[in-house]
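Have a look at run27.cif below; it lists mmCIF, C-alpha atoms.
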```cif
data_data
#
loop_
_atom_site.group_PDB
_atom_site.id
_atom_site.type_symbol
_atom_site.label_atom_id
_atom_site.label_comp_id
_atom_site.auth_asym_id
_atom_site.auth_seq_id
_atom_site.Cartn_x
_atom_site.Cartn_y
_atom_site.Cartn_z
ATOM 1 C CA MET A 69 -206.619 -120.733 218.932
ATOM 2 C CA LYS A 70 -207.256 -118.556 221.965
ATOM 3 C CA THR A 71 -210.661 -118.182 223.653
ATOM 4 C CA ARG A 72 -212.167 -117.111 226.975
ATOM 5 C CA ILE A 73 -213.923 -119.085 229.685
ATOM 6 C CA VAL A 74 -217.385 -117.526 230.104
ATOM 7 C CA ARG A 75 -219.864 -117.657 232.966
ATOM 8 C CA ILE A 76 -222.998 -119.743 232.261
ATOM 9 C CA GLY A 77 -225.242 -119.600 235.341
ATOM 10 C CA ASN A 78 -223.308 -121.159 238.231
ATOM 11 C CA SER A 79 -220.971 -122.926 235.788
ATOM 12 C CA ARG A 80 -218.447 -121.785 233.240
ATOM 13 C CA GLY A 81 -218.079 -122.741 229.612
ATOM 14 C CA VAL A 82 -215.923 -122.460 226.549
ATOM 15 C CA ARG A 83 -217.324 -121.455 223.166
ATOM 16 C CA LEU A 84 -215.990 -123.740 220.454
ATOM 17 C CA PRO A 85 -215.494 -122.014 217.116
ATOM 18 C CA LYS A 86 -217.328 -123.521 214.143
ATOM 19 C CA LEU A 87 -214.004 -124.088 212.362
ATOM 20 C CA LEU A 88 -212.799 -126.392 215.168
ATOM 21 C CA LEU A 89 -216.133 -128.208 215.315
ATOM 22 C CA ASP A 90 -216.012 -128.776 211.552
ATOM 23 C CA GLN A 91 -212.408 -130.010 211.716
ATOM 24 C CA THR A 92 -213.051 -132.440 214.570
ATOM 25 C CA GLY A 93 -216.564 -133.548 213.622
ATOM 26 C CA LEU A 94 -217.599 -133.490 217.281
ATOM 27 C CA PRO A 95 -221.291 -134.340 217.794
ATOM 28 C CA ASP A 96 -223.669 -132.433 220.092
ATOM 29 C CA GLU A 97 -222.881 -134.715 223.045
ATOM 30 C CA VAL A 98 -219.267 -135.217 224.137
ATOM 31 C CA GLU A 99 -217.256 -136.711 226.977
ATOM 32 C CA LEU A 100 -214.949 -134.529 229.088
ATOM 33 C CA GLU A 101 -211.871 -135.824 230.872
ATOM 34 C CA ALA A 102 -209.312 -133.974 232.994
ATOM 35 C CA HIS A 103 -205.613 -134.800 232.619
ATOM 36 C CA GLY A 104 -203.543 -132.669 234.968
ATOM 37 C CA ASN A 105 -204.275 -129.074 233.997
ATOM 38 C CA SER A 106 -205.747 -130.033 230.600
ATOM 39 C CA LEU A 107 -209.252 -130.947 229.439
ATOM 40 C CA ILE A 108 -209.852 -133.627 226.815
ATOM 41 C CA ILE A 109 -213.054 -133.360 224.754
ATOM 42 C CA ARG A 110 -213.996 -136.445 222.739
ATOM 43 C CA PRO A 111 -217.144 -137.871 221.155
ATOM 44 C CA ILE A 112 -219.058 -140.368 223.246
ATOM 45 C CA ARG A 113 -218.408 -143.898 222.019
ATOM 46 C CA ALA A 114 -221.361 -146.219 221.884
ATOM 47 C CA PRO A 115 -220.998 -149.216 224.205
ATOM 48 C CA ARG A 116 -219.501 -152.196 222.362
ATOM 49 C CA ALA A 117 -218.795 -150.070 219.280
ATOM 50 C CA GLY A 118 -216.791 -152.086 216.774
ATOM 51 C CA TRP A 119 -217.446 -155.452 218.419
ATOM 52 C CA ALA A 120 -219.396 -156.861 215.448
ATOM 53 C CA GLU A 121 -216.520 -156.112 213.060
ATOM 54 C CA ALA A 122 -213.984 -157.582 215.498
ATOM 55 C CA PHE A 123 -216.015 -160.788 215.872
ATOM 56 C CA ALA A 124 -216.437 -161.076 212.111
ATOM 57 C CA GLY A 125 -212.663 -160.758 211.711
ATOM 58 C CA MET A 126 -212.153 -163.456 214.342
ATOM 59 C CA ALA A 127 -214.478 -165.788 212.446
ATOM 60 C CA VAL A 128 -212.566 -165.215 209.196
ATOM 61 C CA ALA A 129 -209.282 -165.972 211.010
ATOM 62 C CA GLU A 130 -210.918 -169.014 212.683
ATOM 63 C CA ASP A 131 -210.043 -167.497 216.030
ATOM 64 C CA ASP A 132 -213.565 -167.733 217.456
ATOM 65 C CA ARG A 133 -213.440 -171.177 219.053
ATOM 66 C CA LEU A 134 -213.803 -171.866 222.762
ATOM 67 C CA LEU A 135 -210.496 -171.999 224.590
ATOM 68 C CA ASP A 136 -211.633 -174.475 227.242
ATOM 69 C CA PRO A 137 -211.846 -178.132 226.273
ATOM 70 C CA ASP A 138 -215.156 -179.961 226.501
ATOM 71 C CA LEU A 139 -215.338 -181.336 230.023
ATOM 72 C CA PRO A 140 -217.559 -184.173 231.234
ATOM 73 C CA PRO A 141 -220.552 -183.079 233.322
ATOM 74 C CA THR A 142 -219.907 -182.598 237.034
ATOM 75 C CA ARG A 143 -222.003 -183.974 239.894
ATOM 76 C CA PHE A 144 -223.635 -180.525 240.136
ATOM 77 C CA ASP A 145 -224.441 -180.621 236.415
ATOM 78 C CA ARG A 146 -226.062 -184.049 236.720
ATOM 79 C CA ALA A 147 -227.961 -183.530 240.006
ATOM 80 C CA GLN A 148 -228.728 -179.860 240.542
ATOM 81 C CA TRP A 149 -228.521 -177.879 237.311
ATOM 82 C CA VAL A 150 -231.930 -176.974 235.891
ATOM 83 C CA TRP A 151 -232.435 -175.277 232.526
#
```
Let's see the structure in the file written out as structure tokens.
Amino acid sequence: MKTRIVRIGNSRGVRLPKLLLDQTGLPDEVELEAHGNSLIIRPIRAPRAGWAEAFAGMAVAEDDRLLDPDLPPTRFDRAQWVW
């Protein structure tokens, strides 16, 4: 689909046709990224999106244990650490 870059104040913008917005499901707020001479427009992902599902899957697979073995307390732990 062909379109024009239009002047918007001191900036420039691109009008996105409703058909493309409907097809992509883009929300009102997006992230822009430049790759060479191309622009990428994508929805903004919420921080840590999908983490809860990933952790639940780890629990089901019993892959949510600590990797480090239990170590005896150090001199710092015994003398200086305060909760």
Legend entry - Picked residues, the PyMOL selection byres ((chain A and resi 83) around 9), expected as a PyMOL selection string: chain A and resi 71-74+81-82+84-85
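Distance check against A:Gly93 using only C-alpha atoms: of A:Met69, A:Ala120, A:Met126, A:Ile109, the minimum falls on A:Ile109.
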Legend entry - Non-local contacts of A:Pro95 (10 Å; only C-alpha atoms; under 3 positions in same chain excluded) as a PyMOL selection string: chain A and resi 89-90+92+98+110-112
Mind writing stretch 79-127 of chain A to a file for me, with N, CA and C atoms, as an mmCIF file, in the first residue's frame?
```
data_model
loop_
_atom_site.group_PDB
_atom_site.id
_atom_site.type_symbol
_atom_site.label_atom_id
_atom_site.label_comp_id
_atom_site.auth_asym_id
_atom_site.auth_seq_id
_atom_site.Cartn_x
_atom_site.Cartn_y
_atom_site.Cartn_z
ATOM 1 N N SER A 79 7.289 18.178 12.769
ATOM 2 C CA SER A 79 7.570 16.768 12.507
ATOM 3 C C SER A 79 6.908 16.341 11.209
ATOM 4 N N ARG A 80 7.006 15.082 10.915
ATOM 5 C CA ARG A 80 6.310 14.499 9.782
ATOM 6 C C ARG A 80 5.652 13.220 10.249
ATOM 7 N N GLY A 81 4.616 12.801 9.556
ATOM 8 C CA GLY A 81 3.890 11.615 9.969
ATOM 9 C C GLY A 81 3.371 10.829 8.786
ATOM 10 N N VAL A 82 2.926 9.639 9.086
ATOM 11 C CA VAL A 82 2.341 8.758 8.087
ATOM 12 C C VAL A 82 0.941 8.409 8.561
ATOM 13 N N ARG A 83 -0.042 8.564 7.687
ATOM 14 C CA ARG A 83 -1.408 8.157 8.034
ATOM 15 C C ARG A 83 -1.530 6.669 7.771
ATOM 16 N N LEU A 84 -1.994 5.932 8.763
ATOM 17 C CA LEU A 84 -2.165 4.491 8.621
ATOM 18 C C LEU A 84 -3.612 4.192 8.284
ATOM 19 N N PRO A 85 -3.854 3.564 7.155
ATOM 20 C CA PRO A 85 -5.229 3.252 6.766
ATOM 21 C C PRO A 85 -5.903 2.313 7.772
ATOM 22 N N LYS A 86 -7.192 2.494 7.955
ATOM 23 C CA LYS A 86 -7.973 1.687 8.888
ATOM 24 C C LYS A 86 -7.823 0.197 8.594
ATOM 25 N N LEU A 87 -7.783 -0.173 7.323
ATOM 26 C CA LEU A 87 -7.635 -1.575 6.941
ATOM 27 C C LEU A 87 -6.361 -2.182 7.551
ATOM 28 N N LEU A 88 -5.240 -1.445 7.464
ATOM 29 C CA LEU A 88 -3.991 -1.950 8.041
ATOM 30 C C LEU A 88 -4.061 -2.009 9.566
ATOM 31 N N LEU A 89 -4.678 -1.007 10.169
ATOM 32 C CA LEU A 89 -4.818 -1.014 11.629
ATOM 33 C C LEU A 89 -5.673 -2.190 12.079
ATOM 34 N N ASP A 90 -6.739 -2.470 11.349
ATOM 35 C CA ASP A 90 -7.600 -3.612 11.686
ATOM 36 C C ASP A 90 -6.849 -4.934 11.513
ATOM 37 N N GLN A 91 -6.072 -5.042 10.448
ATOM 38 C CA GLN A 91 -5.326 -6.282 10.189
ATOM 39 C C GLN A 91 -4.262 -6.539 11.239
ATOM 40 N N THR A 92 -3.582 -5.483 11.679
ATOM 41 C CA THR A 92 -2.475 -5.649 12.626
ATOM 42 C C THR A 92 -2.922 -5.605 14.078
ATOM 43 N N GLY A 93 -4.063 -4.962 14.344
ATOM 44 C CA GLY A 93 -4.519 -4.843 15.731
ATOM 45 C C GLY A 93 -3.644 -3.922 16.562
ATOM 46 N N LEU A 94 -2.948 -2.993 15.913
ATOM 47 C CA LEU A 94 -2.075 -2.079 16.655
ATOM 48 C C LEU A 94 -2.894 -1.214 17.604
ATOM 49 N N PRO A 95 -2.411 -1.033 18.840
ATOM 50 C CA PRO A 95 -3.116 -0.168 19.798
ATOM 51 C C PRO A 95 -2.801 1.299 19.508
ATOM 52 N N ASP A 96 -3.283 2.198 20.349
ATOM 53 C CA ASP A 96 -3.056 3.632 20.160
ATOM 54 C C ASP A 96 -1.605 4.028 20.404
ATOM 55 N N GLU A 97 -0.894 3.276 21.224
ATOM 56 C CA GLU A 97 0.502 3.594 21.534
ATOM 57 C C GLU A 97 1.391 2.479 20.992
ATOM 58 N N VAL A 98 2.406 2.860 20.205
ATOM 59 C CA VAL A 98 3.274 1.885 19.560
ATOM 60 C C VAL A 98 4.736 2.249 19.788
ATOM 61 N N GLU A 99 5.605 1.336 19.438
ATOM 62 C CA GLU A 99 7.045 1.538 19.523
ATOM 63 C C GLU A 99 7.577 1.613 18.091
ATOM 64 N N LEU A 100 8.464 2.569 17.836
ATOM 65 C CA LEU A 100 9.080 2.719 16.524
ATOM 66 C C LEU A 100 10.547 2.332 16.614
ATOM 67 N N GLU A 101 11.032 1.669 15.575
ATOM 68 C CA GLU A 101 12.435 1.262 15.545
ATOM 69 C C GLU A 101 12.933 1.398 14.114
ATOM 70 N N ALA A 102 14.124 1.967 13.947
ATOM 71 C CA ALA A 102 14.716 2.115 12.622
ATOM 72 C C ALA A 102 15.676 0.963 12.360
ATOM 73 N N HIS A 103 15.548 0.357 11.191
ATOM 74 C CA HIS A 103 16.457 -0.688 10.720
ATOM 75 C C HIS A 103 16.909 -0.277 9.324
ATOM 76 N N GLY A 104 18.118 0.253 9.228
ATOM 77 C CA GLY A 104 18.590 0.738 7.934
ATOM 78 C C GLY A 104 17.680 1.829 7.434
ATOM 79 N N ASN A 105 17.106 1.648 6.242
ATOM 80 C CA ASN A 105 16.200 2.662 5.702
ATOM 81 C C ASN A 105 14.733 2.262 5.885
ATOM 82 N N SER A 106 14.463 1.406 6.865
ATOM 83 C CA SER A 106 13.093 0.960 7.144
ATOM 84 C C SER A 106 12.685 1.332 8.562
ATOM 85 N N LEU A 107 11.380 1.518 8.754
ATOM 86 C CA LEU A 107 10.813 1.748 10.084
ATOM 87 C C LEU A 107 9.988 0.533 10.469
ATOM 88 N N ILE A 108 10.144 0.099 11.716
ATOM 89 C CA ILE A 108 9.348 -0.992 12.267
ATOM 90 C C ILE A 108 8.380 -0.375 13.262
ATOM 91 N N ILE A 109 7.101 -0.685 13.132
ATOM 92 C CA ILE A 109 6.070 -0.221 14.066
ATOM 93 C C ILE A 109 5.516 -1.453 14.748
ATOM 94 N N ARG A 110 5.596 -1.485 16.093
ATOM 95 C CA ARG A 110 5.077 -2.644 16.823
ATOM 96 C C ARG A 110 4.386 -2.172 18.099
ATOM 97 N N PRO A 111 3.454 -2.977 18.606
ATOM 98 C CA PRO A 111 2.803 -2.602 19.869
ATOM 99 C C PRO A 111 3.817 -2.612 21.006
ATOM 100 N N ILE A 112 3.583 -1.775 21.980
ATOM 101 C CA ILE A 112 4.457 -1.730 23.152
ATOM 102 C C ILE A 112 4.151 -2.936 24.024
ATOM 103 N N ARG A 113 5.189 -3.700 24.342
ATOM 104 C CA ARG A 113 5.011 -4.857 25.227
ATOM 105 C C ARG A 113 5.132 -4.405 26.672
ATOM 106 N N ALA A 114 4.252 -4.908 27.487
ATOM 107 C CA ALA A 114 4.314 -4.594 28.912
ATOM 108 C C ALA A 114 5.571 -5.243 29.492
ATOM 109 N N PRO A 115 6.249 -4.556 30.411
ATOM 110 C CA PRO A 115 7.410 -5.173 31.051
ATOM 111 C C PRO A 115 7.023 -6.498 31.699
ATOM 112 N N ARG A 116 7.858 -7.484 31.527
ATOM 113 C CA ARG A 116 7.676 -8.825 32.106
ATOM 114 C C ARG A 116 6.424 -9.532 31.590
ATOM 115 N N ALA A 117 5.949 -9.134 30.416
ATOM 116 C CA ALA A 117 4.778 -9.802 29.835
ATOM 117 C C ALA A 117 5.099 -11.262 29.580
ATOM 118 N N GLY A 118 4.228 -12.146 30.014
ATOM 119 C CA GLY A 118 4.410 -13.574 29.790
ATOM 120 C C GLY A 118 5.225 -14.292 30.851
ATOM 121 N N TRP A 119 5.773 -13.551 31.797
ATOM 122 C CA TRP A 119 6.608 -14.182 32.835
ATOM 123 C C TRP A 119 5.796 -15.141 33.695
ATOM 124 N N ALA A 120 4.588 -14.772 34.077
ATOM 125 C CA ALA A 120 3.776 -15.624 34.961
ATOM 126 C C ALA A 120 3.524 -16.979 34.302
ATOM 127 N N GLU A 121 3.189 -16.963 33.012
ATOM 128 C CA GLU A 121 2.950 -18.226 32.300
ATOM 129 C C GLU A 121 4.230 -19.049 32.205
ATOM 130 N N ALA A 122 5.361 -18.380 31.962
ATOM 131 C CA ALA A 122 6.637 -19.093 31.864
ATOM 132 C C ALA A 122 6.992 -19.738 33.203
ATOM 133 N N PHE A 123 6.791 -19.013 34.298
ATOM 134 C CA PHE A 123 7.098 -19.568 35.619
ATOM 135 C C PHE A 123 6.168 -20.723 35.960
ATOM 136 N N ALA A 124 4.901 -20.601 35.585
ATOM 137 C CA ALA A 124 3.961 -21.695 35.835
ATOM 138 C C ALA A 124 4.389 -22.937 35.065
ATOM 139 N N GLY A 125 4.830 -22.768 33.826
ATOM 140 C CA GLY A 125 5.318 -23.894 33.038
ATOM 141 C C GLY A 125 6.567 -24.512 33.646
ATOM 142 N N MET A 126 7.434 -23.689 34.216
ATOM 143 C CA MET A 126 8.630 -24.204 34.881
ATOM 144 C C MET A 126 8.240 -25.046 36.097
ATOM 145 N N ALA A 127 7.247 -24.592 36.836
ATOM 146 C CA ALA A 127 6.811 -25.335 38.020
ATOM 147 C C ALA A 127 6.252 -26.692 37.623
#
```
